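Here is the structure we will look at.
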Number of protein chains: 2
Amino acid sequence: MRDLSTDTSLLSLNTATVKQQWNLEQMIDGCVRHRIGAISPWRDQVEACGLGEAAARIRDAGLRVSGLCRGGMFPAADAAGLQANIDDNRRAIDEAVTLGAECLVLVVGGLPEGSRDIARAREQVFDGMSAILEHARSNQMPLAIEPLHPMYAAERACVNTMQQALDICDRLGDGTGVALDVYHVWWDPDLEAQIARAGQQGQLLAYHVCDWLIPTRDLLLDRGMMGDGVIELKKIRGWVEAAGYDGCCEVEIFSSLDWWKKDPDDVLATCVERHQNVV
Amino acid sequence: MRDLSTDTSLLSLNTATVKQQWNLEQMIDGCVRHRIGAISPWRDQVEACGLGEAAARIRDAGLRVSGLCRGGMFPAADAAGLQANIDDNRRAIDEAVTLGAECLVLVVGGLPEGSRDIARAREQVFDGMSAILEHARSNQMPLAIEPLHPMYAAERACVNTMQQALDICDRLGDGTGVALDVYHVWWDPDLEAQIARAGQQGQLLAYHVCDWLIPTRDLLLDRGMMGDGVIELKKIRGWVEAAGYDGCCEVEIFSSLDWWKKDPDDVLATCVERHQNVV
């Protein structure tokens, strides 16, 4: 077992954490300056920088790429829409390969506009992943389903628990797994068992941290810095390490009310300090 | 099977729905005026009216009492706090008996202030329910755990799925069951199976409806009127009826942004219309 919190080379910056303050070039430089060993960029930031330029800068900076955010968003109102989403996911795989990402994170998508049929949305997620799986496998790019908190079931992701995500992975087979973000799953009474299950089958592909604030003032943009909320970060990290995970620990904080307003160098310094002390 | 939506005698008004506009006396009169056959009052409203007076008025109005809201809130920082919560739940049972309620709804409680230990909070819920169970049984007052949406795990209820609630009921035995509120569980991929399980064991004690809005602007006070959101109300009602439930269909809408600002007679008329057409 490797202790995820004592090694800043295993700390990863999900670039959403400072998205209001910096562009990708600045984020890469920031990681180097704060000795953060990895980065997990978002596709829009990569596009703004230019894919080749982004890949070169990250490589030259010596950063690991713990994941590319994000593929997914499969459900659509009709077959043409689903196909368009599948095509976009193929491009996301190609981008992840160019960047040297360790996985493509999938936020699978919620209900198509006007639909209430969540069972159908879930079928479309399976169908969409099935359609891109060979492309992912042939490029050695693991697909990491990120189960999102149930409060996002309608609008962002109809896969909402580790069990549900792992059941999909079991059906799809090799080349699939989960991105575990504590924010989405900390409440789950079955979390320890599902982490162990994922570990046994090599399906734990990424580990994201932040915190759940009391009170939470916004459904989407009020995530907390590690240590400022109620998530038992050390306990969950223990479960993840016991399951054999030895990858990066990625900080992903959406916080329009707080961290997005701060000096990004202060944000990164805080991430490093909290990673060492409370994660 | 009984069709819950065609019989307004089975429609129940959870009084939270018009709590900003009316006191309990006005709510009772409103139910009679709109031919709503049942009511589910909150304890603070009952106290404001006076317990005996409230019971008499509800009885004289010919209303069923589909539940009393609410017991629960067990977890505490220390043993004295837990005991105080247990004592309060005994009083809630007595009040439910006086009102002729069909169950005491339990919102079980979240983390005690300053605690992150959700496993311990869950143990305290079990211990607290164990401590009141004989009192509930001897008074023939069923205890209905209401699993709350995972977004309330920290602050309101550490029991967050039907499966988790039913597992507790199985351990406790006779006199316990669940209050199913679609708002809290609609997203659960295991919902149909857990409803069937509850039905087989006579554990389905109450059925609450409202809707999940897109977007949801507030974690607590932005519930929608049935039909205005994305919950598949008819599908879930079908599962509930197939499980043998023939009790009331209770409307419970927390809506500081919308329904709490409207004329309460319009709110009740809308509840009746939606109950007949979309629930």
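Following the order of the structure tokens, first chain is A, next is B, and so on, with residues numbered from 1 inside each chain and ligands from 1 in the order they appear.
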
task: Return as an NGL selection string the residues belonging to chain B that are within 10 Å of chain A, counting only C-alpha atoms.
output: :B and (111 or 113-119 or 122 or 149-155 or 158-161 or 163-164 or 184-190 or 212-220 or 229-233 or 235)

field: Those of segment 26-205 of chain A in DSSP alpha helix (DSSP H), formatted as a ChimeraX atom specification
entry: /A:26-33,43-49,51-60,79-99,118-138,162-172,182-185,191-200

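The two atoms in question, atom CA of Leu13 of chain A and atom CA of Ser40 of chain A, are spaced 6.0 Å apart.
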
message: I want to know what sits within 12 Å of Lys261 of chain B, based on only C-alpha atoms, with residues of the same chain fewer than 2 positions away left out; could you give that as a PyMOL selection string?
response: chain B and resi 17-22+254-259+263-267

Those residues with C-alpha atoms, as a tab-separated table (two decimals), in the first residue's frame please?
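Result went into out19.tsv, see below:
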```
chain	number	residue	atom	x	y	z
B	17	THR	CA	-47.14	22.45	1.68
B	18	VAL	CA	-48.95	25.58	2.90
B	19	LYS	CA	-47.00	26.23	6.08
B	20	GLN	CA	-46.20	29.84	5.26
B	21	GLN	CA	-49.80	30.78	4.60
B	22	TRP	CA	-52.04	28.90	7.07
B	254	PHE	CA	-41.29	22.69	0.45
B	255	SER	CA	-41.20	25.67	-1.85
B	256	SER	CA	-40.15	29.02	-0.47
B	257	LEU	CA	-39.56	30.24	-4.01
B	258	ASP	CA	-42.95	29.41	-5.43
B	259	TRP	CA	-45.83	27.53	-3.77
B	263	ASP	CA	-52.88	31.65	-2.37
B	264	PRO	CA	-53.19	28.42	-0.36
B	265	ASP	CA	-56.62	27.64	-1.85
B	266	ASP	CA	-55.00	27.74	-5.27
B	267	VAL	CA	-52.25	25.45	-3.99
```

- prompt: Which neighbours of Gly109 of chain B fall inside 12 Å, counting only C-alpha atoms, when residues of the same chain fewer than 2 positions from it are skipped, and could you give them as a ChimeraX atom specification?
  reply: /B:70-76,82,85,106-107,111-113,118,120-126,128-129,145-148,152-160

task: Considering only C-alpha atoms, return as a PyMOL selection string whatever protein or nucleic-acid residues lie within 7 Å of Ile253 of chain A, sequence-local ones (same chain, fewer than 2 positions apart) excluded.
output: chain A and resi 16-17+210+223-225+251+255

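Using only C-alpha atoms, the smallest distance between any of A:Ile28, A:Ile39, A:Val279, A:Cys249 and Val65 of chain A comes from A:Ile39.
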
message: Quick check, in Å to one decimal: how far apart do atom CA of Ala136 of chain B and atom CA of Arg90 of chain B lie?
response: 7.9 Å

task: Pull the strand (DSSP E) assignments for segment 65-124 of chain A out of DSSP run on the backbone, and list those residues as a ChimeraX atom specification.
output: /A:65,68-72,104-107

query: Counting only C-alpha atoms, what is within 12 Å of Gly100 of chain A, bar same-chain residues fewer than 2 positions away, as a PyMOL selection string?
result: chain A and resi 38-41+51-52+54-59+62-68+93-98+102-104+139-142

Residues just named, written with N, CA and C atoms as an mmCIF file, in the first residue's frame:
```cif
data_model
loop_
_atom_site.group_PDB
_atom_site.id
_atom_site.type_symbol
_atom_site.label_atom_id
_atom_site.label_comp_id
_atom_site.auth_asym_id
_atom_site.auth_seq_id
_atom_site.Cartn_x
_atom_site.Cartn_y
_atom_site.Cartn_z
ATOM 1 N N ALA A 38 0.814 16.104 -10.905
ATOM 2 C CA ALA A 38 -0.087 15.675 -11.984
ATOM 3 C C ALA A 38 -1.158 16.723 -12.227
ATOM 4 N N ILE A 39 -1.788 16.601 -13.369
ATOM 5 C CA ILE A 39 -2.853 17.527 -13.750
ATOM 6 C C ILE A 39 -3.963 16.730 -14.414
ATOM 7 N N SER A 40 -5.167 17.246 -14.316
ATOM 8 C CA SER A 40 -6.301 16.633 -15.004
ATOM 9 C C SER A 40 -7.086 17.749 -15.654
ATOM 10 N N PRO A 41 -6.790 18.011 -16.923
ATOM 11 C CA PRO A 41 -7.402 19.160 -17.591
ATOM 12 C C PRO A 41 -8.793 18.863 -18.138
ATOM 13 N N LEU A 51 -4.521 21.386 -28.751
ATOM 14 C CA LEU A 51 -4.248 20.050 -28.227
ATOM 15 C C LEU A 51 -2.756 19.715 -28.231
ATOM 16 N N GLY A 52 -2.108 19.963 -29.357
ATOM 17 C CA GLY A 52 -0.685 19.616 -29.441
ATOM 18 C C GLY A 52 0.156 20.453 -28.492
ATOM 19 N N ALA A 54 -0.891 21.873 -25.737
ATOM 20 C CA ALA A 54 -1.188 21.451 -24.362
ATOM 21 C C ALA A 54 -0.398 20.188 -24.020
ATOM 22 N N ALA A 55 -0.417 19.218 -24.920
ATOM 23 C CA ALA A 55 0.295 17.960 -24.669
ATOM 24 C C ALA A 55 1.785 18.220 -24.486
ATOM 25 N N ALA A 56 2.348 19.085 -25.331
ATOM 26 C CA ALA A 56 3.786 19.374 -25.249
ATOM 27 C C ALA A 56 4.125 20.085 -23.939
ATOM 28 N N ARG A 57 3.305 21.061 -23.578
ATOM 29 C CA ARG A 57 3.574 21.802 -22.342
ATOM 30 C C ARG A 57 3.496 20.900 -21.109
ATOM 31 N N ILE A 58 2.484 20.042 -21.079
ATOM 32 C CA ILE A 58 2.325 19.142 -19.924
ATOM 33 C C ILE A 58 3.504 18.173 -19.864
ATOM 34 N N ARG A 59 3.882 17.638 -21.028
ATOM 35 C CA ARG A 59 5.006 16.691 -21.084
ATOM 36 C C ARG A 59 6.293 17.388 -20.645
ATOM 37 N N GLY A 62 6.806 17.802 -17.094
ATOM 38 C CA GLY A 62 7.007 16.577 -16.334
ATOM 39 C C GLY A 62 5.799 16.138 -15.524
ATOM 40 N N LEU A 63 4.620 16.605 -15.938
ATOM 41 C CA LEU A 63 3.402 16.264 -15.197
ATOM 42 C C LEU A 63 2.766 14.983 -15.710
ATOM 43 N N ARG A 64 2.306 14.161 -14.786
ATOM 44 C CA ARG A 64 1.392 13.086 -15.154
ATOM 45 C C ARG A 64 0.040 13.692 -15.504
ATOM 46 N N VAL A 65 -0.746 12.985 -16.273
ATOM 47 C CA VAL A 65 -2.118 13.409 -16.564
ATOM 48 C C VAL A 65 -3.042 12.344 -15.976
ATOM 49 N N SER A 66 -3.586 12.654 -14.807
ATOM 50 C CA SER A 66 -4.348 11.622 -14.088
ATOM 51 C C SER A 66 -5.677 11.305 -14.764
ATOM 52 N N GLY A 67 -6.119 12.177 -15.643
ATOM 53 C CA GLY A 67 -7.343 11.927 -16.390
ATOM 54 C C GLY A 67 -7.627 13.094 -17.301
ATOM 55 N N LEU A 68 -8.487 12.852 -18.288
ATOM 56 C CA LEU A 68 -9.008 13.948 -19.094
ATOM 57 C C LEU A 68 -10.492 14.087 -18.753
ATOM 58 N N ILE A 93 -11.466 10.351 -26.649
ATOM 59 C CA ILE A 93 -10.462 9.284 -26.480
ATOM 60 C C ILE A 93 -9.167 9.672 -27.191
ATOM 61 N N ASP A 94 -9.297 10.162 -28.415
ATOM 62 C CA ASP A 94 -8.100 10.556 -29.175
ATOM 63 C C ASP A 94 -7.339 11.671 -28.446
ATOM 64 N N GLU A 95 -8.073 12.628 -27.915
ATOM 65 C CA GLU A 95 -7.428 13.717 -27.184
ATOM 66 C C GLU A 95 -6.727 13.191 -25.926
ATOM 67 N N ALA A 96 -7.392 12.270 -25.235
ATOM 68 C CA ALA A 96 -6.791 11.692 -24.024
ATOM 69 C C ALA A 96 -5.499 10.965 -24.365
ATOM 70 N N VAL A 97 -5.491 10.278 -25.491
ATOM 71 C CA VAL A 97 -4.280 9.569 -25.934
ATOM 72 C C VAL A 97 -3.163 10.568 -26.217
ATOM 73 N N THR A 98 -3.486 11.633 -26.945
ATOM 74 C CA THR A 98 -2.487 12.645 -27.271
ATOM 75 C C THR A 98 -1.888 13.274 -26.016
ATOM 76 N N GLU A 102 -4.209 9.092 -18.139
ATOM 77 C CA GLU A 102 -4.292 7.739 -17.599
ATOM 78 C C GLU A 102 -5.693 7.159 -17.716
ATOM 79 N N CYS A 103 -6.668 8.019 -17.916
ATOM 80 C CA CYS A 103 -8.027 7.555 -18.208
ATOM 81 C C CYS A 103 -8.825 8.710 -18.794
ATOM 82 N N LEU A 104 -9.933 8.355 -19.437
ATOM 83 C CA LEU A 104 -10.914 9.363 -19.838
ATOM 84 C C LEU A 104 -12.065 9.288 -18.849
ATOM 85 N N ASN A 139 -6.727 1.789 -28.193
ATOM 86 C CA ASN A 139 -5.818 2.891 -27.854
ATOM 87 C C ASN A 139 -5.332 2.839 -26.408
ATOM 88 N N GLN A 140 -5.629 1.721 -25.743
ATOM 89 C CA GLN A 140 -5.236 1.569 -24.329
ATOM 90 C C GLN A 140 -5.654 2.772 -23.477
ATOM 91 N N MET A 141 -6.852 3.263 -23.732
ATOM 92 C CA MET A 141 -7.356 4.387 -22.945
ATOM 93 C C MET A 141 -8.524 3.913 -22.083
ATOM 94 N N PRO A 142 -8.286 3.705 -20.773
ATOM 95 C CA PRO A 142 -9.365 3.247 -19.893
ATOM 96 C C PRO A 142 -10.497 4.274 -19.796
#
```

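Residue neighbourhood of Ala269 of chain A, excluding near-sequence residues (fewer than 3 positions): Gly30, Cys31, Arg33, His34, Arg35, Ile36, Pro264, Asp265, Asp266, Val272, Glu273, Arg274 and His275 of chain A, at 10 Å, using only C-alpha atoms.
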
For the residues selected in the previous step, produce a file with N, CA and C atoms as a tab-separated table (two decimals), in the first residue's frame.
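Now in out29.tsv:
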```
chain	number	residue	atom	x	y	z
A	30	GLY	N	1.61	26.60	-12.62
A	30	GLY	CA	1.27	26.57	-11.20
A	30	GLY	C	1.58	25.22	-10.56
A	31	CYS	N	1.26	24.15	-11.27
A	31	CYS	CA	1.57	22.81	-10.75
A	31	CYS	C	3.08	22.65	-10.52
A	33	ARG	N	5.27	25.02	-10.05
A	33	ARG	CA	5.70	25.92	-8.98
A	33	ARG	C	5.38	25.34	-7.59
A	34	HIS	N	4.25	24.65	-7.50
A	34	HIS	CA	3.84	24.10	-6.20
A	34	HIS	C	4.21	22.62	-6.04
A	35	ARG	N	5.01	22.11	-6.97
A	35	ARG	CA	5.45	20.70	-6.93
A	35	ARG	C	4.29	19.72	-6.90
A	36	ILE	N	3.22	20.10	-7.59
A	36	ILE	CA	2.09	19.19	-7.78
A	36	ILE	C	2.43	18.32	-8.99
A	264	PRO	N	-5.07	32.15	-7.16
A	264	PRO	CA	-4.91	30.72	-7.47
A	264	PRO	C	-3.64	30.12	-6.86
A	265	ASP	N	-2.61	30.92	-6.66
A	265	ASP	CA	-1.43	30.38	-5.97
A	265	ASP	C	-1.76	30.03	-4.52
A	266	ASP	N	-2.61	30.82	-3.90
A	266	ASP	CA	-3.05	30.47	-2.54
A	266	ASP	C	-3.90	29.19	-2.55
A	272	VAL	N	-2.03	21.67	-1.46
A	272	VAL	CA	-0.85	20.90	-1.06
A	272	VAL	C	-0.86	20.66	0.44
A	273	GLU	N	-1.14	21.71	1.19
A	273	GLU	CA	-1.14	21.59	2.66
A	273	GLU	C	-2.23	20.62	3.13
A	274	ARG	N	-3.42	20.76	2.59
A	274	ARG	CA	-4.52	19.89	3.03
A	274	ARG	C	-4.28	18.44	2.59
A	275	HIS	N	-3.72	18.30	1.41
A	275	HIS	CA	-3.41	16.96	0.92
A	275	HIS	C	-2.49	16.23	1.89
```

task: Mind giving me the straight-line distance from atom CA of Glu47 of chain B to atom CA of Leu268 of chain B in Å, one decimal?
output: 23.0 Å
